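Let me begin by presenting the structure, written as structure tokens, before commenting on it.
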Amino acid sequence: MNERDLHATWDLQRFWFTDDDGTEVDPLGADPVGNLILGADGNYAFTMMRRDRQPYESGDLLGGTPAEKSEAAAGYVSFGGTWSFDGEAILFDIVYSLFPNWIGGQQKRLASFDGDDLILQTTGAILMAGKTHRGAARWLRK
């Protein structure tokens, strides 16, 4: 695999976490939606969400009750910036993120192909809902 193999828009097929005992959890549900755009110019956008998120009752883009905002954020992952490929992993330098702790940092994802699907995996455990997990996502070239 080389960097040019990754230049594409990728549609999310599955997003899951595996805990230390091997149990898999799909935090965005069984049928999430999202895309990963890996530009040849070195920029990327990574977005995924649970399909069944509820709309804000008010319809106000910047409104919503605290409960509505919490539910919306809990079902959404988004970050972007610049990226590179080191031969085995994609290095995401993060300029913006829904999760503010990642802004200004870097996330590394091991990259491999399974047929036509791109598989991205965390290089180590990450904290989710108070428990450490390894994360993975399956993407199909658009």
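Going by the structure tokens order, chains are called A, B, ..., each with residues numbered from 1, while ligands are numbered from 1 in the order shown.
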
*DSSP helix (DSSP H, G or I) residues within range 5-118 of chain A, listed as a PyMOL selection string*: chain A and resi 5-6+66-74+100-102

Contact table range 75-136 of chain A vs range 21-27 of chain A, cut-off 12 Å, shortest pair per residue, only C-alpha atoms, as CSV:
```
residue,atom,partner,partner_atom,distance
A:Gly75,CA,A:Pro27,CA,7.8
A:Tyr76,CA,A:Pro27,CA,9.7
A:Val77,CA,A:Pro27,CA,10.5
A:Met128,CA,A:Pro27,CA,9.4
A:Ala129,CA,A:Pro27,CA,10.0
A:Lys131,CA,A:Asp21,CA,11.6
A:Thr132,CA,A:Asp21,CA,10.8
A:His133,CA,A:Glu24,CA,9.1
A:Arg134,CA,A:Glu24,CA,9.5
A:Gly135,CA,A:Val25,CA,9.5
A:Ala136,CA,A:Asp26,CA,9.9
```

*asked:* Can you pull out every residue from range 39-91 of chain A that DSSP, working from the backbone, puts in strand (DSSP E), and format the result as a list of chain:residue names?
replied: A:Asn43, A:Tyr44, A:Ala45, A:Phe46, A:Thr47, A:Met48, A:Met49, A:Tyr76, A:Val77, A:Ser78, A:Phe79, A:Gly80, A:Gly81, A:Thr82, A:Trp83, A:Ser84, A:Phe85, A:Ala89, A:Ile90, A:Leu91

Residue selection dump (N, CA and C atoms) as a PDB file, in the first residue's frame:
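File again_6.pdb, as written:
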```pdb
ATOM      1  N   ASN A  43      -4.962  17.190   2.958  1.00  0.00           N
ATOM      2  CA  ASN A  43      -6.043  17.531   3.884  1.00  0.00           C
ATOM      3  C   ASN A  43      -7.012  16.363   3.989  1.00  0.00           C
ATOM      4  N   TYR A  44      -7.708  16.293   5.112  1.00  0.00           N
ATOM      5  CA  TYR A  44      -8.695  15.229   5.311  1.00  0.00           C
ATOM      6  C   TYR A  44      -9.877  15.756   6.106  1.00  0.00           C
ATOM      7  N   ALA A  45     -10.992  15.044   5.992  1.00  0.00           N
ATOM      8  CA  ALA A  45     -12.172  15.251   6.838  1.00  0.00           C
ATOM      9  C   ALA A  45     -12.679  13.869   7.217  1.00  0.00           C
ATOM     10  N   PHE A  46     -12.914  13.657   8.491  1.00  0.00           N
ATOM     11  CA  PHE A  46     -13.317  12.369   9.049  1.00  0.00           C
ATOM     12  C   PHE A  46     -14.608  12.615   9.827  1.00  0.00           C
ATOM     13  N   THR A  47     -15.714  12.056   9.352  1.00  0.00           N
ATOM     14  CA  THR A  47     -17.005  12.282   9.976  1.00  0.00           C
ATOM     15  C   THR A  47     -17.816  10.998   9.990  1.00  0.00           C
ATOM     16  N   MET A  48     -18.425  10.710  11.139  1.00  0.00           N
ATOM     17  CA  MET A  48     -19.320   9.561  11.236  1.00  0.00           C
ATOM     18  C   MET A  48     -20.379   9.848  12.294  1.00  0.00           C
ATOM     19  N   MET A  49     -21.561   9.199  12.110  1.00  0.00           N
ATOM     20  CA  MET A  49     -22.621   9.415  13.082  1.00  0.00           C
ATOM     21  C   MET A  49     -23.583   8.239  13.128  1.00  0.00           C
ATOM     22  N   TYR A  76     -21.970  11.281  17.416  1.00  0.00           N
ATOM     23  CA  TYR A  76     -21.266  11.932  16.310  1.00  0.00           C
ATOM     24  C   TYR A  76     -19.772  11.982  16.581  1.00  0.00           C
ATOM     25  N   VAL A  77     -18.973  11.699  15.560  1.00  0.00           N
ATOM     26  CA  VAL A  77     -17.516  11.811  15.628  1.00  0.00           C
ATOM     27  C   VAL A  77     -17.085  12.618  14.405  1.00  0.00           C
ATOM     28  N   SER A  78     -16.306  13.658  14.628  1.00  0.00           N
ATOM     29  CA  SER A  78     -15.833  14.469  13.518  1.00  0.00           C
ATOM     30  C   SER A  78     -14.504  15.106  13.878  1.00  0.00           C
ATOM     31  N   PHE A  79     -13.556  15.033  12.951  1.00  0.00           N
ATOM     32  CA  PHE A  79     -12.297  15.748  13.094  1.00  0.00           C
ATOM     33  C   PHE A  79     -11.667  15.913  11.728  1.00  0.00           C
ATOM     34  N   GLY A  80     -10.751  16.854  11.618  1.00  0.00           N
ATOM     35  CA  GLY A  80     -10.121  17.100  10.333  1.00  0.00           C
ATOM     36  C   GLY A  80      -8.842  17.895  10.488  1.00  0.00           C
ATOM     37  N   GLY A  81      -8.120  17.998   9.376  1.00  0.00           N
ATOM     38  CA  GLY A  81      -6.849  18.710   9.366  1.00  0.00           C
ATOM     39  C   GLY A  81      -5.996  18.210   8.224  1.00  0.00           C
ATOM     40  N   THR A  82      -4.755  17.867   8.534  1.00  0.00           N
ATOM     41  CA  THR A  82      -3.837  17.345   7.520  1.00  0.00           C
ATOM     42  C   THR A  82      -3.459  15.914   7.873  1.00  0.00           C
ATOM     43  N   TRP A  83      -3.039  15.170   6.847  1.00  0.00           N
ATOM     44  CA  TRP A  83      -2.711  13.766   7.056  1.00  0.00           C
ATOM     45  C   TRP A  83      -1.473  13.373   6.272  1.00  0.00           C
ATOM     46  N   SER A  84      -0.867  12.279   6.710  1.00  0.00           N
ATOM     47  CA  SER A  84       0.250  11.676   5.985  1.00  0.00           C
ATOM     48  C   SER A  84       0.185  10.167   6.214  1.00  0.00           C
ATOM     49  N   PHE A  85       0.960   9.448   5.432  1.00  0.00           N
ATOM     50  CA  PHE A  85       1.008   7.989   5.531  1.00  0.00           C
ATOM     51  C   PHE A  85       2.455   7.568   5.699  1.00  0.00           C
ATOM     52  N   ALA A  89       0.649   3.278   8.657  1.00  0.00           N
ATOM     53  CA  ALA A  89      -0.406   3.974   9.392  1.00  0.00           C
ATOM     54  C   ALA A  89      -0.645   5.362   8.807  1.00  0.00           C
ATOM     55  N   ILE A  90      -1.885   5.823   8.968  1.00  0.00           N
ATOM     56  CA  ILE A  90      -2.237   7.196   8.625  1.00  0.00           C
ATOM     57  C   ILE A  90      -2.066   8.038   9.886  1.00  0.00           C
ATOM     58  N   LEU A  91      -1.372   9.145   9.736  1.00  0.00           N
ATOM     59  CA  LEU A  91      -1.166  10.092  10.831  1.00  0.00           C
ATOM     60  C   LEU A  91      -2.082  11.278  10.587  1.00  0.00           C
TER      61      LEU A  91
END
```

*asked:* Measuring between only C-alpha atoms, which one of A:Tyr56, A:Trp10, A:Tyr96, A:Trp139 shows the shortest distance to Leu118 in chain A?
replied: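 Under the stated criterion, the closest residue is A:Trp139.
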
*Could you tell me which of A:Ile37, A:Leu62, A:Leu110, A:Leu28 comes closest to Asp86 in chain A if we count only C-alpha atoms?*
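That would be A:Leu110, the residue with the smallest distance to Asp86 in chain A.
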
*Two-atom distance - CA of Arg14 in chain A, CA of Glu68 in chain A (Å)*: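 Between CA of Arg14 in chain A and CA of Glu68 in chain A the gap is 24.7 Å.
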
*Do you know which residues are at most 10 Å from Asp114 in chain A counting only C-alpha atoms, after dropping those on the same chain fewer than 2 positions away, and could you put them as a PyMOL selection string?*
chain A and resi 112+116-119+138-140

_Residue nearest Pro100 in chain A among A:Gln54, A:Ala73, A:Phe113, A:Gly29 (counting only C-alpha atoms)_ =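 For Pro100 in chain A, the nearest of the candidates is A:Ala73.
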